[in-house]
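Engineer: So that you have it, the file is input24.cif, and it contains mmCIF, C-alpha atoms (C1' of nucleotides):
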```cif
data_query
loop_
_atom_site.label_atom_id
_atom_site.label_comp_id
_atom_site.auth_asym_id
_atom_site.auth_seq_id
_atom_site.Cartn_x
_atom_site.Cartn_y
_atom_site.Cartn_z
CA MET F 789 -63.61 -21.49 -78.44
CA VAL F 790 -67.15 -22.77 -78.58
CA THR F 791 -69.79 -21.73 -76.09
CA ASN F 792 -70.24 -25.33 -74.99
CA GLN F 793 -66.63 -25.59 -73.94
CA ILE F 794 -67.04 -22.44 -71.92
CA ARG F 795 -70.12 -23.78 -70.16
CA GLU F 796 -68.12 -26.85 -69.28
CA ILE F 797 -65.27 -24.83 -67.84
CA LEU F 798 -67.71 -22.97 -65.61
CA LYS F 799 -69.44 -26.17 -64.57
CA ASP F 800 -66.11 -27.77 -63.66
CA LYS F 801 -65.43 -24.91 -61.29
CA ASN F 802 -68.90 -25.06 -59.76
CA LEU F 803 -69.72 -21.63 -61.07
CA LYS F 804 -73.27 -20.88 -62.10
CA ILE F 805 -73.60 -20.56 -65.82
CA THR F 806 -74.93 -17.09 -66.47
CA PRO F 807 -75.08 -15.27 -69.81
CA GLN F 808 -72.76 -12.62 -68.37
CA ARG F 809 -70.07 -15.10 -67.42
CA VAL F 810 -70.27 -16.92 -70.73
CA SER F 811 -70.00 -13.67 -72.62
CA ILE F 812 -67.10 -12.38 -70.55
CA LEU F 813 -65.13 -15.59 -70.81
CA GLU F 814 -65.83 -15.84 -74.53
CA THR F 815 -64.48 -12.33 -74.90
CA ILE F 816 -61.32 -13.06 -72.93
CA PHE F 817 -60.62 -16.09 -75.08
CA SER F 818 -61.14 -14.01 -78.21
CA LEU F 819 -58.57 -11.41 -77.21
CA ASN F 820 -55.09 -12.48 -78.19
CA ASN F 821 -52.72 -10.32 -76.28
CA HIS F 822 -53.13 -10.27 -72.51
CA PRO F 823 -55.91 -7.75 -72.15
CA ASN F 824 -56.15 -5.65 -69.05
CA ALA F 825 -59.46 -5.10 -67.30
CA GLN F 826 -60.31 -2.02 -69.34
CA GLN F 827 -59.75 -3.80 -72.63
CA ILE F 828 -61.94 -6.67 -71.51
CA ILE F 829 -64.66 -4.24 -70.44
CA ASP F 830 -64.55 -2.47 -73.80
CA ALA F 831 -64.66 -5.72 -75.74
CA VAL F 832 -67.51 -7.11 -73.66
CA HIS F 833 -69.49 -3.90 -74.10
CA LYS F 834 -69.15 -4.08 -77.87
CA LYS F 835 -71.30 -7.19 -77.82
CA ASN F 836 -73.28 -6.63 -74.61
CA PRO F 837 -73.39 -2.99 -73.57
CA ASN F 838 -75.82 -3.87 -70.79
CA ILE F 839 -73.40 -5.92 -68.69
CA SER F 840 -72.37 -3.63 -65.88
CA VAL F 841 -68.80 -2.71 -65.15
CA GLY F 842 -69.07 -3.88 -61.55
CA THR F 843 -70.18 -7.29 -62.74
CA ILE F 844 -67.22 -7.57 -65.07
CA TYR F 845 -64.75 -6.73 -62.32
CA LYS F 846 -66.40 -9.19 -59.96
CA THR F 847 -66.47 -11.86 -62.64
CA LEU F 848 -62.78 -11.39 -63.39
CA ASP F 849 -62.04 -11.78 -59.67
CA THR F 850 -64.11 -14.93 -59.57
CA PHE F 851 -62.34 -16.36 -62.60
CA VAL F 852 -58.98 -15.65 -61.03
CA GLU F 853 -60.00 -17.17 -57.68
CA THR F 854 -61.20 -20.35 -59.35
CA GLY F 855 -58.22 -20.57 -61.67
CA VAL F 856 -60.07 -20.07 -64.94
CA ILE F 857 -57.68 -17.28 -65.80
CA VAL F 858 -54.55 -15.96 -64.16
CA LYS F 859 -53.78 -12.45 -63.11
CA VAL F 860 -50.28 -11.53 -64.15
CA ARG F 861 -48.70 -8.96 -61.92
CA HIS F 862 -46.09 -7.54 -64.25
CA ILE F 863 -45.45 -4.74 -61.86
CA ASP F 864 -47.56 -3.97 -58.85
CA GLU F 865 -50.10 -1.82 -60.61
CA SER F 866 -50.12 -3.26 -64.06
CA LEU F 867 -52.49 -6.17 -64.18
CA ARG F 868 -53.14 -8.27 -67.20
CA TYR F 869 -55.11 -11.42 -67.60
CA ASP F 870 -54.10 -14.54 -69.42
CA TRP F 871 -55.46 -18.02 -69.65
CA ARG F 872 -52.16 -19.67 -70.48
CA VAL F 873 -49.96 -21.08 -67.77
CA GLU F 874 -46.79 -22.21 -69.52
CA ASN F 875 -43.74 -20.00 -69.17
CA HIS F 876 -43.27 -17.81 -72.18
CA HIS F 877 -41.72 -14.50 -73.10
CA HIS F 878 -43.06 -11.35 -74.68
CA LEU F 879 -42.39 -8.92 -77.45
CA TYR F 880 -43.34 -5.41 -76.42
CA VAL F 881 -44.18 -3.57 -79.59
CA GLU F 882 -43.23 0.08 -79.57
CA ASP F 883 -45.78 2.74 -80.54
CA ASP F 884 -48.47 0.18 -80.16
CA ASN F 885 -50.04 -1.33 -77.09
CA GLN F 886 -49.39 -4.81 -78.31
CA ILE F 887 -47.77 -7.65 -76.44
CA VAL F 888 -46.93 -10.70 -78.51
CA ASP F 889 -46.03 -14.07 -77.09
CA TYR F 890 -42.54 -15.31 -77.73
CA ILE F 891 -42.08 -18.99 -77.09
CA ASN F 892 -38.62 -20.50 -77.46
CA ASP F 893 -37.53 -23.57 -75.56
CA GLU F 894 -33.87 -22.98 -76.30
CA LEU F 895 -34.09 -19.61 -74.56
CA ASN F 896 -35.77 -21.23 -71.58
CA LEU F 897 -32.99 -23.77 -71.27
CA LEU F 898 -30.34 -21.11 -71.63
CA LEU F 899 -31.83 -19.04 -68.81
CA GLU F 900 -32.43 -22.03 -66.58
CA ASP F 901 -28.82 -23.01 -67.01
CA PHE F 902 -27.61 -19.50 -66.36
CA PHE F 903 -29.55 -19.02 -63.14
CA THR F 904 -28.63 -22.47 -61.86
CA LYS F 905 -24.98 -21.50 -62.21
CA ASN F 906 -25.54 -17.96 -60.97
CA ARG F 907 -27.77 -18.13 -57.94
CA ILE F 908 -28.85 -14.85 -56.38
CA PRO F 909 -28.02 -15.03 -52.67
CA GLY F 910 -31.11 -15.09 -50.46
CA PHE F 911 -33.49 -14.96 -53.38
CA GLU F 912 -35.71 -17.79 -54.53
CA ILE F 913 -36.51 -17.53 -58.24
CA LYS F 914 -40.06 -18.46 -59.19
CA SER F 915 -39.95 -17.54 -62.84
CA VAL F 916 -37.82 -15.71 -65.36
CA LYS F 917 -39.42 -13.79 -68.19
CA VAL F 918 -37.71 -11.98 -70.99
CA HIS F 919 -39.18 -8.69 -72.23
CA ILE F 920 -38.07 -8.03 -75.76
CA ASN F 921 -38.69 -4.40 -76.65
CA GLY F 922 -38.65 -3.27 -80.25
CA LYS F 923 -40.83 -2.72 -83.27
CA TYR F 924 -41.92 -4.33 -86.47
CA ILE F 925 -40.10 -3.28 -89.62
CA GLN F 926 -40.50 -3.72 -93.34
CA GLU F 927 -37.98 -6.21 -94.65
CA MET S 597 -26.77 13.52 -53.45
CA VAL S 598 -26.09 16.94 -52.00
CA THR S 599 -28.55 19.80 -52.29
CA ASN S 600 -25.99 21.88 -54.16
CA GLN S 601 -25.72 19.29 -56.89
CA ILE S 602 -29.47 19.31 -57.21
CA ARG S 603 -29.60 23.08 -57.52
CA GLU S 604 -27.03 22.80 -60.28
CA ILE S 605 -29.05 20.22 -62.16
CA LEU S 606 -32.08 22.49 -62.06
CA LYS S 607 -30.03 25.51 -63.13
CA ASP S 608 -28.57 23.57 -66.05
CA LYS S 609 -32.07 22.90 -67.30
CA ASN S 610 -33.17 26.52 -66.81
CA LEU S 611 -35.66 25.50 -64.18
CA LYS S 612 -36.37 27.88 -61.36
CA ILE S 613 -34.97 26.62 -58.09
CA THR S 614 -37.88 26.26 -55.72
CA PRO S 615 -37.92 24.44 -52.39
CA GLN S 616 -40.53 22.09 -53.78
CA ARG S 617 -38.41 21.04 -56.76
CA VAL S 618 -35.31 20.57 -54.66
CA SER S 619 -37.20 18.45 -52.16
CA ILE S 620 -38.88 16.32 -54.83
CA LEU S 621 -35.67 15.68 -56.73
CA GLU S 622 -33.81 14.93 -53.52
CA THR S 623 -36.47 12.39 -52.69
CA ILE S 624 -36.31 10.72 -56.09
CA PHE S 625 -32.56 10.34 -55.81
CA SER S 626 -32.96 8.87 -52.34
CA LEU S 627 -35.34 6.15 -53.52
CA ASN S 628 -33.46 3.18 -54.84
CA ASN S 629 -35.95 1.13 -56.73
CA HIS S 630 -37.80 2.86 -59.54
CA PRO S 631 -40.54 4.54 -57.59
CA ASN S 632 -43.85 5.22 -59.19
CA ALA S 633 -45.63 8.52 -58.74
CA GLN S 634 -47.45 7.39 -55.64
CA GLN S 635 -44.29 6.24 -53.91
CA ILE S 636 -42.63 9.54 -54.70
CA ILE S 637 -45.62 11.42 -53.34
CA ASP S 638 -45.58 9.40 -50.13
CA ALA S 639 -41.86 9.88 -49.65
CA VAL S 640 -42.04 13.61 -50.34
CA HIS S 641 -44.91 13.98 -47.90
CA LYS S 642 -42.95 12.29 -45.14
CA LYS S 643 -40.59 15.25 -45.17
CA ASN S 644 -42.87 17.97 -46.53
CA PRO S 645 -46.53 17.18 -46.05
CA ASN S 646 -47.45 20.63 -47.32
CA ILE S 647 -46.29 20.13 -50.91
CA SER S 648 -49.46 19.53 -52.86
CA VAL S 649 -50.07 16.44 -54.92
CA GLY S 650 -50.79 18.48 -58.02
CA THR S 651 -47.43 20.18 -57.70
CA ILE S 652 -45.64 16.85 -57.45
CA TYR S 653 -47.31 15.53 -60.59
CA LYS S 654 -46.52 18.73 -62.47
CA THR S 655 -42.95 18.68 -61.24
CA LEU S 656 -42.47 15.08 -62.34
CA ASP S 657 -43.75 16.03 -65.79
CA THR S 658 -41.38 18.97 -65.91
CA PHE S 659 -38.44 16.77 -64.89
CA VAL S 660 -39.31 14.27 -67.58
CA GLU S 661 -39.71 16.97 -70.25
CA THR S 662 -36.32 18.45 -69.41
CA GLY S 663 -34.62 15.10 -69.15
CA VAL S 664 -33.79 15.23 -65.45
CA ILE S 665 -35.47 11.86 -65.04
CA VAL S 666 -36.92 9.36 -67.47
CA LYS S 667 -40.35 7.86 -67.49
CA VAL S 668 -40.15 4.14 -68.10
CA ARG S 669 -43.16 2.68 -69.79
CA HIS S 670 -42.91 -0.95 -68.75
CA ILE S 671 -46.30 -1.71 -70.13
CA ASP S 672 -48.68 0.87 -71.42
CA GLU S 673 -50.17 1.82 -68.10
CA SER S 674 -47.42 1.11 -65.66
CA LEU S 675 -45.16 4.10 -65.26
CA ARG S 676 -42.05 4.23 -63.19
CA TYR S 677 -39.37 6.80 -62.95
CA ASP S 678 -35.65 6.24 -63.08
CA TRP S 679 -32.59 8.36 -63.57
CA ARG S 680 -30.38 5.55 -64.84
CA VAL S 681 -29.96 4.78 -68.51
CA GLU S 682 -27.79 1.65 -68.70
CA ASN S 683 -29.47 -1.62 -69.57
CA HIS S 684 -30.14 -3.72 -66.54
CA HIS S 685 -32.52 -6.37 -65.32
CA HIS S 686 -34.90 -6.58 -62.41
CA LEU S 687 -35.89 -8.76 -59.53
CA TYR S 688 -39.61 -8.54 -58.89
CA VAL S 689 -40.11 -9.32 -55.25
CA GLU S 690 -43.30 -11.18 -54.48
CA ASP S 691 -45.65 -9.95 -51.73
CA ASP S 692 -43.81 -6.71 -51.76
CA ASN S 693 -43.89 -3.83 -54.17
CA GLN S 694 -40.18 -3.86 -54.58
CA ILE S 695 -38.16 -3.93 -57.76
CA VAL S 696 -34.45 -4.51 -57.34
CA ASP S 697 -31.86 -3.91 -60.00
CA TYR S 698 -30.01 -6.94 -61.28
CA ILE S 699 -26.90 -6.11 -63.20
CA ASN S 700 -24.90 -8.93 -64.76
CA ASP S 701 -22.75 -8.46 -67.82
CA GLU S 702 -22.48 -12.18 -68.48
CA LEU S 703 -26.25 -12.36 -68.80
CA ASN S 704 -26.24 -9.41 -71.19
CA LEU S 705 -23.67 -11.13 -73.40
CA LEU S 706 -25.58 -14.40 -73.31
CA LEU S 707 -28.78 -12.72 -74.45
CA GLU S 708 -27.05 -10.63 -77.08
CA ASP S 709 -25.50 -13.76 -78.49
CA PHE S 710 -28.79 -15.63 -78.41
CA PHE S 711 -30.79 -12.97 -80.24
CA THR S 712 -28.05 -12.44 -82.80
CA LYS S 713 -28.30 -16.12 -83.65
CA ASN S 714 -32.08 -16.21 -83.35
CA ARG S 715 -33.46 -13.17 -85.11
CA ILE S 716 -37.20 -12.62 -84.94
CA PRO S 717 -38.42 -12.13 -88.52
CA GLY S 718 -39.70 -8.63 -89.18
CA PHE S 719 -38.93 -7.44 -85.68
CA GLU S 720 -36.22 -5.00 -84.71
CA ILE S 721 -35.06 -5.53 -81.13
CA LYS S 722 -34.32 -2.35 -79.21
CA SER S 723 -33.64 -3.86 -75.82
CA VAL S 724 -34.00 -7.09 -73.92
CA LYS S 725 -34.80 -7.08 -70.23
CA VAL S 726 -35.10 -10.02 -67.93
CA HIS S 727 -37.75 -10.01 -65.22
CA ILE S 728 -36.80 -12.35 -62.44
CA ASN S 729 -39.81 -13.09 -60.26
CA GLY S 730 -39.40 -14.60 -56.84
CA LYS S 731 -38.97 -13.78 -53.21
CA TYR S 732 -36.38 -13.37 -50.52
CA ILE S 733 -35.84 -16.33 -48.23
CA GLN S 734 -34.03 -17.07 -45.00
CA GLU S 735 -30.92 -19.05 -45.71
"C1'" DA D 1475 -86.46 -22.86 -52.11
"C1'" DT D 1476 -81.85 -21.85 -51.66
"C1'" DT D 1477 -77.85 -20.08 -53.06
"C1'" DG D 1478 -75.41 -17.15 -55.45
"C1'" DC D 1479 -75.21 -13.52 -59.23
"C1'" DT D 1480 -76.31 -9.03 -61.28
"C1'" DG D 1481 -77.05 -4.14 -61.67
"C1'" DC D 1482 -76.99 0.08 -59.66
"C1'" DA D 1483 -75.03 3.65 -57.24
"C1'" DA D 1484 -71.93 5.40 -54.04
"C1'" DA D 1485 -67.31 5.75 -52.83
"C1'" DC D 1486 -62.39 5.50 -53.25
"C1'" DT D 1487 -57.70 5.99 -55.42
"C1'" DC D 1488 -54.81 7.95 -58.65
"C1'" DT D 1489 -54.03 11.46 -61.90
"C1'" DT D 1490 -55.00 15.72 -64.61
"C1'" DT D 1491 -56.33 20.43 -65.18
"C1'" DG D 1492 -57.57 25.61 -64.49
"C1'" DC D 1493 -56.84 29.46 -62.09
"C1'" DA D 1494 -55.68 32.90 -58.60
"C1'" DA D 1495 -52.05 34.02 -55.50
"C1'" DG D 1496 -47.35 33.73 -54.59
"C1'" DT D 1497 -42.27 33.14 -55.74
"C1'" DT D 1498 -38.00 33.31 -58.44
"C1'" DC D 1499 -34.90 35.69 -61.21
"C1'" DG U 398 -41.84 43.49 -63.02
"C1'" DA U 399 -42.16 39.52 -65.98
"C1'" DA U 400 -42.43 34.99 -66.17
"C1'" DC U 401 -42.99 31.01 -63.99
"C1'" DT U 402 -44.51 27.99 -60.05
"C1'" DT U 403 -47.53 26.64 -56.37
"C1'" DG U 404 -51.71 25.23 -53.94
"C1'" DC U 405 -56.31 24.46 -54.11
"C1'" DA U 406 -60.25 22.51 -55.68
"C1'" DA U 407 -62.82 20.42 -59.21
"C1'" DA U 408 -63.08 16.79 -62.36
"C1'" DG U 409 -62.05 12.54 -64.74
"C1'" DA U 410 -60.53 7.58 -65.29
"C1'" DG U 411 -60.33 3.12 -63.28
"C1'" DT U 412 -61.63 0.13 -59.65
"C1'" DT U 413 -64.06 -1.52 -55.38
"C1'" DT U 414 -67.98 -2.29 -52.46
"C1'" DG U 415 -72.87 -2.92 -50.43
"C1'" DC U 416 -77.21 -4.11 -51.13
"C1'" DA U 417 -81.78 -5.11 -52.99
"C1'" DG U 418 -83.75 -7.75 -56.46
"C1'" DC U 419 -83.25 -11.45 -59.66
"C1'" DA U 420 -81.67 -15.87 -61.86
"C1'" DA U 421 -79.67 -20.53 -61.79
"C1'" DT U 422 -79.74 -24.88 -59.79
#
```
Could you render the structure as structure tokens?

Structural biologist:
Amino acid sequence: MVTNQIREILKDKNLKITPQRVSILETIFSLNNHPNAQQIIDAVHKKNPNISVGTIYKTLDTFVETGVIVKVRHIDESLRYDWRVENHHHLYVEDDNQIVDYINDELNLLLEDFFTKNRIPGFEIKSVKVHINGKYIQE
Amino acid sequence: MVTNQIREILKDKNLKITPQRVSILETIFSLNNHPNAQQIIDAVHKKNPNISVGTIYKTLDTFVETGVIVKVRHIDESLRYDWRVENHHHLYVEDDNQIVDYINDELNLLLEDFFTKNRIPGFEIKSVKVHINGKYIQE
DNA sequence: ATTGCTGCAAACTCTTTGCAAGTTC
DNA sequence: GAACTTGCAAAGAGTTTGCAGCAAT
């Protein structure tokens, strides 16, 4: 992701283009696997140790409010940030704090079909995500 | 869950039977939906405000170490406690910190079949859990 | 010049830890 | 009585907030 693209994203959202925001957004785009706030802070500080923690939290809030990124509420207290919107699933890698995207349209269709046929009374489904837990092995 | 059963569980694990432990375990069994530490603390304090927070945290650790309860690491920083072992799925209720069990054998079979046919190269699957996000509605 | 952003510091929540006093067996 | 458990208080991590000064438009 080039800096110019980032400046354009900010401009589109009527956000002032500051070095801090550019750097933070650049960092988020450089992190592959749904970083949480702490991981973003650490990564930002590697390049710019002088950006304050408060600023980073406020910037993340701003990005979420304006739709630059989304805040994924996996469970009430576990927040992760992602800039992708499409529905996809995740591999949770054991002994490793890694979360890898798993995209499979056939699985999406299968689940959609299942939950159409098996409605949950009184419950409106917004999205269905599959968490695949396991680990990488030598083959 | 009767207090006598709880005393027996503690005795089986060679844990000293203290009023605090009985009360905490009673509370955990009374909470249906995978409470986190804070929810357990709140619930315990409703009945026994004088049990200290430190004691509750230590007791939870002790229970986990001895296998009375399990600590479920949904994602690296989101811990919830549960005493059930069987594989089941969850409804994540929006605007509400509720997680409701969703048990459906047909869904389990469907997923098992899918991932048998669609192996992920180099990845050993330990478990597959479906997170159904949505909200309750008036019907 | 105006608006909005940043950095700092204080404060708050959740969790962990050490230790002296108290409780269980 | 020995061993373990509790409560308290201090401390640490992560996050939020207010405000004065500063930067972007």

Engineer: To one decimal place in Å, what is the distance between atom CA of F:Phe911 and atom CA of S:His684?

Structural biologist: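 Computing the Euclidean distance for atom CA of F:Phe911 and atom CA of S:His684 yields 17.6 Å.
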
Engineer: Give me the residues within 9 Å of F:His878 as a list in words, counting all atoms listed in the file and dropping any in the same chain fewer than 3 places off.

Structural biologist: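 Non-adjacent residues within range: Ile887, Val888, Asp889, Tyr890, Ile891, Lys917, Val918, His919, Ile920 and Asn921 of chain F.
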
Engineer: For atom CA of S:Val618 and atom CA of S:Leu606, quote the distance in Å rounded to one decimal.

Structural biologist: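 Between these atoms lies a distance of 8.3 Å.
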
Engineer: Using atom CA of F:Ala825 and atom CA of F:Ile857 as the two end points, give the distance in Å to one decimal.

Structural biologist: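 If I compute the distance from atom CA of F:Ala825 to atom CA of F:Ile857, I get 12.4 Å.
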
Engineer: I need the contact residues of chain D against chain F, so if you could list those with any atom within 10 Å, counting only C-alpha atoms (C1' of nucleotides), and return them as a list of chain:residue names, that would help.

Structural biologist: D:DG1478, D:DC1479, D:DT1480, D:DG1481, D:DC1482

Engineer: Please identify every residue of chain U that has at least one atom no farther than 12 Å from an atom of chain S, counting only C-alpha atoms (C1' of nucleotides), and for each give the shortest atom pair and the distance in Å to one decimal, arranged by chain then increasing number, as a Markdown table.

Structural biologist:
```
| residue | atom | partner | partner_atom | distance |
| --- | --- | --- | --- | --- |
| U:DA400 | C1' | S:Lys612 | CA | 10.5 |
| U:DC401 | C1' | S:Lys612 | CA | 7.8 |
| U:DT402 | C1' | S:Thr614 | CA | 8.1 |
| U:DT403 | C1' | S:Thr651 | CA | 6.6 |
| U:DG404 | C1' | S:Ser648 | CA | 6.2 |
| U:DC405 | C1' | S:Ser648 | CA | 8.5 |
| U:DA406 | C1' | S:Gly650 | CA | 10.5 |
| U:DG411 | C1' | S:Glu673 | CA | 11.3 |
```

Engineer: Between F:Val832, F:Leu898, F:Ile925, F:Val856, which one has atoms that come closest to chain S, using only C-alpha atoms?

Structural biologist: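 Closest candidate: F:Ile925.
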
Engineer: Could you tell me, as a PDB file with C-alpha atoms (C1' of nucleotides), in the coordinates of the input, exactly which residues end up selected when the PyMOL selection byres ((chain U and resi 407) around 12) is applied to this structure?

Structural biologist:
```
ATOM      1  C1'  DT D1490     -55.000  15.720 -64.610  1.00  0.00           C
ATOM      2  C1'  DT D1491     -56.330  20.430 -65.180  1.00  0.00           C
ATOM      3  C1'  DG D1492     -57.570  25.610 -64.490  1.00  0.00           C
ATOM      4  C1'  DC D1493     -56.840  29.460 -62.090  1.00  0.00           C
TER       5       DC D1493
ATOM      6  C1'  DC U 405     -56.310  24.460 -54.110  1.00  0.00           C
ATOM      7  C1'  DA U 406     -60.250  22.510 -55.680  1.00  0.00           C
ATOM      8  C1'  DA U 408     -63.080  16.790 -62.360  1.00  0.00           C
ATOM      9  C1'  DG U 409     -62.050  12.540 -64.740  1.00  0.00           C
TER      10       DG U 409
END
```

Engineer: Using all atoms listed in the file, find the one residue out of S:Asp657, S:Pro615, S:Asn600, S:Gln634 that sits nearest to chain F.

Structural biologist: S:Gln634

Engineer: Which of these, S:Ile637, S:Leu656, S:Val666, S:Val689, has the shortest distance to chain F once you count all atoms listed in the file?

Structural biologist: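 Selected residue with least distance to chain F: S:Val689.
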
Engineer: Would you please work out which residue, of S:Ser723, S:Asn700, S:Thr599, S:Ser619, is nearest to chain F when using all atoms listed in the file?

Structural biologist: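 That would be S:Ser723, the residue with the smallest distance to chain F.
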
Engineer: Given the choices S:Ile620, S:Arg715, S:Tyr688, S:Leu627, which gets closest to chain F if the distance is worked out from all atoms listed in the file?

Structural biologist: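 The answer is S:Tyr688, which sits nearest to chain F.
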
Engineer: Could you tell me which of S:Lys609, S:Gln635, S:Lys642, S:Ile624 comes closest to chain F if we count only C-alpha atoms?

Structural biologist: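 Using only C-alpha atoms, chain F sits closest to S:Gln635.
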
Engineer: For stretch 812-819 of chain F, supply all heavy atoms and report the output as an mmCIF file, keeping the file's coordinate frame.

Structural biologist:
```cif
data_model
loop_
_atom_site.group_PDB
_atom_site.id
_atom_site.type_symbol
_atom_site.label_atom_id
_atom_site.label_comp_id
_atom_site.auth_asym_id
_atom_site.auth_seq_id
_atom_site.Cartn_x
_atom_site.Cartn_y
_atom_site.Cartn_z
ATOM 1 N N ILE F 812 -68.389 -12.933 -70.980
ATOM 2 C CA ILE F 812 -67.100 -12.380 -70.550
ATOM 3 C C ILE F 812 -65.962 -13.342 -70.853
ATOM 4 O O ILE F 812 -64.925 -12.957 -71.387
ATOM 5 C CB ILE F 812 -67.135 -12.022 -69.045
ATOM 6 C CG1 ILE F 812 -68.098 -10.853 -68.802
ATOM 7 C CG2 ILE F 812 -65.738 -11.673 -68.527
ATOM 8 C CD1 ILE F 812 -68.443 -10.609 -67.342
ATOM 9 N N LEU F 813 -66.194 -14.621 -70.568
ATOM 10 C CA LEU F 813 -65.130 -15.590 -70.810
ATOM 11 C C LEU F 813 -64.877 -15.771 -72.303
ATOM 12 O O LEU F 813 -63.724 -15.847 -72.748
ATOM 13 C CB LEU F 813 -65.480 -16.928 -70.148
ATOM 14 C CG LEU F 813 -64.347 -17.939 -69.996
ATOM 15 C CD1 LEU F 813 -63.087 -17.289 -69.434
ATOM 16 C CD2 LEU F 813 -64.777 -19.082 -69.100
ATOM 17 N N GLU F 814 -65.943 -15.773 -73.072
ATOM 18 C CA GLU F 814 -65.830 -15.840 -74.530
ATOM 19 C C GLU F 814 -64.961 -14.683 -75.029
ATOM 20 O O GLU F 814 -64.089 -14.859 -75.873
ATOM 21 C CB GLU F 814 -67.222 -15.711 -75.161
ATOM 22 C CG GLU F 814 -67.635 -16.872 -76.023
ATOM 23 C CD GLU F 814 -69.138 -16.802 -76.327
ATOM 24 O OE1 GLU F 814 -69.731 -15.686 -76.249
ATOM 25 O OE2 GLU F 814 -69.728 -17.845 -76.629
ATOM 26 N N THR F 815 -65.230 -13.519 -74.487
ATOM 27 C CA THR F 815 -64.480 -12.330 -74.900
ATOM 28 C C THR F 815 -63.005 -12.452 -74.552
ATOM 29 O O THR F 815 -62.136 -12.158 -75.367
ATOM 30 C CB THR F 815 -65.060 -11.078 -74.228
ATOM 31 O OG1 THR F 815 -66.424 -10.973 -74.579
ATOM 32 C CG2 THR F 815 -64.315 -9.836 -74.659
ATOM 33 N N ILE F 816 -62.723 -12.912 -73.337
ATOM 34 C CA ILE F 816 -61.320 -13.060 -72.930
ATOM 35 C C ILE F 816 -60.597 -14.016 -73.865
ATOM 36 O O ILE F 816 -59.492 -13.747 -74.311
ATOM 37 C CB ILE F 816 -61.223 -13.560 -71.470
ATOM 38 C CG1 ILE F 816 -61.777 -12.509 -70.516
ATOM 39 C CG2 ILE F 816 -59.781 -13.890 -71.107
ATOM 40 C CD1 ILE F 816 -61.902 -12.981 -69.090
ATOM 41 N N PHE F 817 -61.257 -15.118 -74.199
ATOM 42 C CA PHE F 817 -60.620 -16.090 -75.080
ATOM 43 C C PHE F 817 -60.425 -15.529 -76.487
ATOM 44 O O PHE F 817 -59.551 -15.965 -77.218
ATOM 45 C CB PHE F 817 -61.430 -17.385 -75.135
ATOM 46 C CG PHE F 817 -61.295 -18.222 -73.882
ATOM 47 C CD1 PHE F 817 -62.389 -18.879 -73.353
ATOM 48 C CD2 PHE F 817 -60.070 -18.350 -73.256
ATOM 49 C CE1 PHE F 817 -62.264 -19.654 -72.204
ATOM 50 C CE2 PHE F 817 -59.934 -19.123 -72.110
ATOM 51 C CZ PHE F 817 -61.037 -19.779 -71.579
ATOM 52 N N SER F 818 -61.248 -14.570 -76.860
ATOM 53 C CA SER F 818 -61.140 -14.010 -78.210
ATOM 54 C C SER F 818 -60.051 -12.954 -78.316
ATOM 55 O O SER F 818 -59.632 -12.591 -79.414
ATOM 56 C CB SER F 818 -62.477 -13.409 -78.626
ATOM 57 O OG SER F 818 -62.651 -12.147 -78.012
ATOM 58 N N LEU F 819 -59.603 -12.453 -77.189
ATOM 59 C CA LEU F 819 -58.570 -11.410 -77.210
ATOM 60 C C LEU F 819 -57.201 -12.070 -77.141
ATOM 61 O O LEU F 819 -56.915 -12.843 -76.238
ATOM 62 C CB LEU F 819 -58.751 -10.453 -76.031
ATOM 63 C CG LEU F 819 -60.048 -9.625 -76.066
ATOM 64 C CD1 LEU F 819 -60.246 -8.893 -74.751
ATOM 65 C CD2 LEU F 819 -60.023 -8.635 -77.213
#
```
